[in-house]
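J.: Okay, handing you the structure first.
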Amino acid sequence: MNAIAPPLHRGMKELERSAFKKVIKTLAIKVPTKQVGLAKKSFQDDLFNQPRLRNVEPDPSSKETKLVLLNLGLQNAEDLSKEKQEFLQQHKWELVQHELELNYDFWTAEQIFHSVMPEDSTDIPSSFTQVGHIAHMNLRENYYPWKHLIGEVILDKNKNITTVVNKTNSIDTTFRFFKMEILAGKDDMIAEVKESGCKFKFDFSKVYWNSRLHTEHDRLVQLFKPNEYVCDVFAGVGPFALPAAKKGSIVYANDLNPSSYQYMKENIKYNKINSGIFPYNMDGRAFIKQAVKDLQATSTDEWKTFDHFVMNLPATAIDFLDAFRGLYHDQKDLFNASARAKLPMIHCHCFTKSSDAMQDISEASS
């Protein structure tokens, strides 16, 4: 099959939609409408078969007939087998030339990018992460000359996207957000996302949100049980904390970023969670100690602590594990006096490039 491609415009940096018009000429069999099925079956190996285009088109010259389009490699009747030529004559079907007019709207984003970028380009940047109405791209520097064209095409080809942004640097390790550049569309960074049965609203340019983590969010939340105590050390706008609280867990949730903290509080109200969640705006180490102290203060004569600590800051979370050393030293007597006392499970996310991940993580955390 000869694949149809848009016209080449190598080096185009500003999008010209009108430049992507193309006329496709193909051979077609003109058949009575009632015999279309027979024609398609009899010529199934010779059909047009192009992605997103039909093999049967209306006949502009008559309402009584249809055009069954043939493979682009066929130029005339002699290119068909003798048996099929005889079949055409037997049914008195006529071979005609047909033209299909394609324009910018037909081509995919990837096809447009291939037509304007250098022929040897690899990893054409047509993919993105969607955060509400925002398409978040991570372009390589060599594609920067086409960045605004890329943004416009992504905007055109995805009707539920109204803003296209590109990450301009790595994540801020203090407040966990990327600096963004708007490539196309509205300057509107207030995103709304549904995840794990909750709705989240936030300024994507000021907080950290990764839609690809939703399966990990769901996995952990499913571990939490109603009435269990959960301490979310790097909570962001609440993708772990809110679903857990909605499930019936008691959640103490913290984020150092003031914007994340404010949006977490807004999202608590937005989801009508009226109890069981306590937001903080502190350094992670200080929060771990404060949350343990605050929870224990709700039961002065009995051991009480968290069932789970969540530390979802892969770049640096492992460096905060030292906050747990001696954390319960002054509660030793309460621990020993309780027959049901147990220590919490710590869910610490981290990165490793080692072939022996467990060994690498053990060494980093020791």
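Chain labels follow the order of the structure tokens: the first chain is A, the next B, and so on; residue numbering restarts at 1 in every chain, and ligands are counted from 1 in their shown order.
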Could you list, with a cut-off of 6 Å and counting only C-alpha atoms, the residues of range 158-216 of chain A near range 122-145 of chain A, each shown with its nearest atom pair and the distance in Å rounded to one decimal, rows sorted by chain and ascending number, as a tab-separated table?
T.:
residue	atom	partner	partner_atom	distance
A:Ile161	CA	A:His133	CA	4.7
A:Thr162	CA	A:His133	CA	5.6
A:Thr163	CA	A:Ile134	CA	4.9
A:Val164	CA	A:Ala135	CA	4.7
A:Val165	CA	A:His136	CA	5.1
A:Asn166	CA	A:Met137	CA	4.7
A:Lys167	CA	A:Asn138	CA	5.4
A:Ala191	CA	A:Gly132	CA	5.2
A:Glu192	CA	A:Gly132	CA	5.1
A:Val193	CA	A:Gly132	CA	5.2
J.: Filtering to N, CA, C and O atoms, could you give me those residues as a tab-separated table (two decimals), in the first residue's frame?
T.:
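Full text of part00.tsv as output:
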chain	number	residue	atom	x	y	z
A	161	ILE	N	-8.16	20.61	23.94
A	161	ILE	CA	-6.98	21.36	24.39
A	161	ILE	C	-7.14	22.82	23.99
A	161	ILE	O	-7.43	23.13	22.84
A	162	THR	N	-6.95	23.73	24.95
A	162	THR	CA	-7.03	25.15	24.63
A	162	THR	C	-5.74	25.90	24.95
A	162	THR	O	-5.61	27.07	24.62
A	163	THR	N	-4.80	25.22	25.60
A	163	THR	CA	-3.51	25.82	25.94
A	163	THR	C	-2.41	24.78	25.74
A	163	THR	O	-2.54	23.65	26.19
A	164	VAL	N	-1.33	25.17	25.05
A	164	VAL	CA	-0.18	24.28	24.86
A	164	VAL	C	1.04	24.93	25.49
A	164	VAL	O	1.36	26.09	25.19
A	165	VAL	N	1.71	24.20	26.38
A	165	VAL	CA	2.89	24.75	27.07
A	165	VAL	C	4.08	23.82	26.90
A	165	VAL	O	3.94	22.63	26.64
A	166	ASN	N	5.25	24.40	27.07
A	166	ASN	CA	6.49	23.63	27.03
A	166	ASN	C	7.27	23.87	28.31
A	166	ASN	O	7.35	25.00	28.80
A	167	LYS	N	7.82	22.81	28.87
A	167	LYS	CA	8.66	22.93	30.05
A	167	LYS	C	9.98	23.59	29.65
A	167	LYS	O	10.64	23.17	28.71
A	191	ALA	N	-5.95	24.65	35.86
A	191	ALA	CA	-6.42	23.37	35.33
A	191	ALA	C	-7.42	22.72	36.28
A	191	ALA	O	-7.36	22.92	37.50
A	192	GLU	N	-8.31	21.94	35.71
A	192	GLU	CA	-9.23	21.12	36.50
A	192	GLU	C	-9.12	19.68	36.01
A	192	GLU	O	-9.22	19.41	34.82
A	193	VAL	N	-8.90	18.78	36.97
A	193	VAL	CA	-8.65	17.38	36.65
A	193	VAL	C	-9.50	16.49	37.56
A	193	VAL	O	-9.67	16.79	38.74
J.: Within 12 Å of range 259-269 of chain A, counting only C-alpha atoms, which residues qualify if same-chain residues fewer than 4 places away don't, as a PyMOL selection string?
T.: chain A and resi 174-177+190-194+198-209+233-246+251-255+273-283
J.: Go ahead and save the residues from that selection, with C-alpha atoms, as an mmCIF file, in the first residue's frame.
T.:
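Final output, saved to part_31.cif:
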data_model
loop_
_atom_site.group_PDB
_atom_site.id
_atom_site.type_symbol
_atom_site.label_atom_id
_atom_site.label_comp_id
_atom_site.auth_asym_id
_atom_site.auth_seq_id
_atom_site.Cartn_x
_atom_site.Cartn_y
_atom_site.Cartn_z
ATOM 1 C CA THR A 174 12.059 23.264 46.554
ATOM 2 C CA PHE A 175 8.496 23.848 45.396
ATOM 3 C CA ARG A 176 8.221 21.016 42.820
ATOM 4 C CA PHE A 177 6.985 22.845 39.734
ATOM 5 C CA ILE A 190 -5.790 27.045 35.988
ATOM 6 C CA ALA A 191 -6.421 23.368 35.332
ATOM 7 C CA GLU A 192 -9.234 21.122 36.497
ATOM 8 C CA VAL A 193 -8.652 17.377 36.651
ATOM 9 C CA LYS A 194 -10.715 14.405 37.808
ATOM 10 C CA CYS A 198 -12.017 13.525 43.284
ATOM 11 C CA LYS A 199 -11.859 16.828 41.409
ATOM 12 C CA PHE A 200 -8.709 18.930 41.569
ATOM 13 C CA LYS A 201 -8.221 22.562 40.630
ATOM 14 C CA PHE A 202 -4.798 24.237 40.563
ATOM 15 C CA ASP A 203 -2.450 26.620 38.789
ATOM 16 C CA PHE A 204 -0.295 24.255 36.747
ATOM 17 C CA SER A 205 2.472 26.868 36.507
ATOM 18 C CA LYS A 206 2.834 27.068 40.291
ATOM 19 C CA VAL A 207 2.355 23.514 41.584
ATOM 20 C CA TYR A 208 3.540 20.015 40.719
ATOM 21 C CA TRP A 209 1.086 17.679 38.994
ATOM 22 C CA VAL A 233 4.591 14.437 53.709
ATOM 23 C CA PHE A 234 4.747 15.929 50.185
ATOM 24 C CA ALA A 235 1.040 16.144 49.414
ATOM 25 C CA GLY A 236 0.991 18.679 46.581
ATOM 26 C CA VAL A 237 -2.610 19.640 45.860
ATOM 27 C CA GLY A 238 -3.863 16.369 47.358
ATOM 28 C CA PRO A 239 -3.883 13.471 44.819
ATOM 29 C CA PHE A 240 -3.165 10.955 47.625
ATOM 30 C CA ALA A 241 -4.645 12.859 50.553
ATOM 31 C CA LEU A 242 -8.116 13.698 49.239
ATOM 32 C CA PRO A 243 -9.099 10.252 47.875
ATOM 33 C CA ALA A 244 -7.803 8.694 51.109
ATOM 34 C CA ALA A 245 -9.845 11.097 53.236
ATOM 35 C CA LYS A 246 -12.898 10.540 51.039
ATOM 36 C CA VAL A 251 -5.141 12.200 56.736
ATOM 37 C CA TYR A 252 -2.516 14.727 57.798
ATOM 38 C CA ALA A 253 -1.296 16.317 54.549
ATOM 39 C CA ASN A 254 1.586 18.731 54.030
ATOM 40 C CA ASP A 255 3.312 20.651 51.284
ATOM 41 C CA ILE A 273 -14.663 16.724 52.490
ATOM 42 C CA ASN A 274 -15.805 18.093 55.820
ATOM 43 C CA SER A 275 -13.698 16.011 58.192
ATOM 44 C CA GLY A 276 -10.746 13.645 58.456
ATOM 45 C CA ILE A 277 -8.106 15.753 56.700
ATOM 46 C CA PHE A 278 -5.675 18.270 58.194
ATOM 47 C CA PRO A 279 -3.558 20.419 55.810
ATOM 48 C CA TYR A 280 -0.108 21.788 56.737
ATOM 49 C CA ASN A 281 2.383 24.117 55.061
ATOM 50 C CA MET A 282 5.796 23.132 56.474
ATOM 51 C CA ASP A 283 9.200 21.699 55.681
#
J.: Fewer than 6 positions away in the same chain doesn't count, so skip those; otherwise give me all residues within 9 Å of Lys30 in chain A, counting only C-alpha atoms, as a list in words.
T.: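 Residues meeting the cut-off are Asp59, Thr65, Lys66, Leu67, Val68, Leu69, Trp93, Glu94, Leu95 and Val96 of chain A.
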J.: Can you list, as a ChimeraX atom specification, all residues belonging to range 95-316 of chain A that DSSP tags as helix (DSSP H, G or I)?
T.: /A:109-116,141-157,211-223,241-247,258-270,284-296
J.: For CA of Thr215 in chain A and CA of Val310 in chain A, determine how far apart the two atoms are, in Å to one decimal place.
T.: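 Result for CA of Thr215 in chain A versus CA of Val310 in chain A: 15.1 Å, one decimal.
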J.: Enter the distance from CA of Ala364 in chain A to CA of Pro258 in chain A, in Å, rounded to one decimal.
T.: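 Pair CA of Ala364 in chain A / CA of Pro258 in chain A returns 29.1 Å.
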J.: Please provide as a count of residues only all residues within 10 Å of Lys289 in chain A, with the sequence filter that same-chain residues fewer than 5 positions apart are discarded (counting only C-alpha atoms).
T.: 6
J.: If we count only C-alpha atoms and set the cut-off at 12 Å, which residues sit around Ala339 in chain A, ignoring sequence neighbours fewer than 6 positions away in its own chain? Please answer as a PyMOL selection string.
T.: chain A and resi 302-303+333
J.: Need to verify the contact set: Gly326 in chain A, 12 Å, only C-alpha atoms, exclusion of same-chain residues closer than 4 positions in sequence. Can you return it as a compact mmCIF listing (two decimals) with all heavy atoms, in the first residue's frame?
T.:
# COMPACT_ATOMS: atom_id res chain seq x y z
N ILE A 288 6.93 15.94 59.67
CA ILE A 288 6.90 14.56 60.18
C ILE A 288 6.83 14.57 61.71
O ILE A 288 6.01 13.88 62.33
CB ILE A 288 8.12 13.77 59.67
CG1 ILE A 288 8.00 13.53 58.16
CG2 ILE A 288 8.25 12.44 60.42
CD1 ILE A 288 9.26 12.99 57.51
N LYS A 289 7.68 15.37 62.31
CA LYS A 289 7.73 15.45 63.78
C LYS A 289 6.46 16.09 64.34
O LYS A 289 5.89 15.63 65.33
CB LYS A 289 8.97 16.22 64.22
CG LYS A 289 10.27 15.52 63.84
CD LYS A 289 11.49 16.38 64.15
CE LYS A 289 12.76 15.68 63.71
NZ LYS A 289 13.97 16.50 63.97
N VAL A 292 3.29 13.72 63.99
CA VAL A 292 3.33 12.66 65.01
C VAL A 292 2.93 13.23 66.37
O VAL A 292 2.15 12.62 67.12
CB VAL A 292 4.73 12.02 65.06
CG1 VAL A 292 4.89 11.15 66.30
CG2 VAL A 292 4.97 11.19 63.80
N LEU A 321 14.44 10.53 55.19
CA LEU A 321 14.21 9.38 56.07
C LEU A 321 14.88 9.54 57.43
O LEU A 321 14.46 8.92 58.40
CB LEU A 321 14.70 8.10 55.38
CG LEU A 321 13.87 7.63 54.18
CD1 LEU A 321 14.51 6.41 53.53
CD2 LEU A 321 12.43 7.31 54.60
N ASP A 322 15.90 10.40 57.48
CA ASP A 322 16.56 10.58 58.78
C ASP A 322 15.64 11.23 59.80
O ASP A 322 15.88 11.17 61.01
CB ASP A 322 17.84 11.43 58.63
CG ASP A 322 17.57 12.82 58.05
OD1 ASP A 322 16.41 13.14 57.76
OD2 ASP A 322 18.55 13.57 57.87
N ASP A 330 10.44 9.48 72.83
CA ASP A 330 9.78 9.94 74.05
C ASP A 330 8.41 9.29 74.26
O ASP A 330 7.73 9.59 75.24
CB ASP A 330 9.64 11.47 74.05
CG ASP A 330 8.81 11.97 72.88
OD1 ASP A 330 8.48 11.15 71.99
OD2 ASP A 330 8.48 13.17 72.86
N GLN A 331 8.03 8.37 73.35
CA GLN A 331 6.76 7.67 73.50
C GLN A 331 6.97 6.17 73.75
O GLN A 331 6.05 5.37 73.59
CB GLN A 331 5.90 7.87 72.24
CG GLN A 331 5.54 9.33 71.97
CD GLN A 331 4.83 9.52 70.65
OE1 GLN A 331 4.16 8.62 70.18
NE2 GLN A 331 4.99 10.68 70.03
N LYS A 332 8.17 5.83 74.14
CA LYS A 332 8.54 4.43 74.34
C LYS A 332 7.62 3.74 75.34
O LYS A 332 7.19 2.60 75.15
CB LYS A 332 9.99 4.34 74.78
CG LYS A 332 10.52 2.91 74.91
CD LYS A 332 11.99 2.93 75.27
CE LYS A 332 12.52 1.51 75.41
NZ LYS A 332 13.96 1.51 75.79
J.: Just to confirm, what's the straight-line distance from CA of Thr298 in chain A to CA of Arg325 in chain A in Å (one decimal)?
T.: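 Atom-to-atom, CA of Thr298 in chain A and CA of Arg325 in chain A are spaced 22.5 Å apart.
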J.: Compile the contact shell of Asn103 in chain A as a PyMOL selection string: residues with an atom at most 9 Å away, counting only C-alpha atoms, same-chain residues fewer than 6 positions apart removed.
T.: chain A and resi 6+17-23
J.: Between A:Phe113, A:Phe48, A:Phe106, A:Phe87, which one has atoms that come closest to His9 in chain A, using only C-alpha atoms?
T.: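 Result for the nearest residue to His9 in chain A: A:Phe113.
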J.: With distances taken over only C-alpha atoms, which residue among A:Gln222, A:Ser62, A:Gln44, A:Thr352 lies nearest Pro32 in chain A?
T.: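 The answer is A:Ser62, which sits nearest to Pro32 in chain A.
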J.: Which is closest to Asn158 in chain A among A:Gly197, A:Asp105, A:Gln111, A:Phe351, if we use only C-alpha atoms?
T.: A:Asp105
J.: Which is closest to Asp45 in chain A among A:Ile24, A:Pro58, A:His98, A:Lys84, if we use only C-alpha atoms?
T.: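 Among the listed residues, the smallest separation from Asp45 in chain A belongs to A:Lys84.
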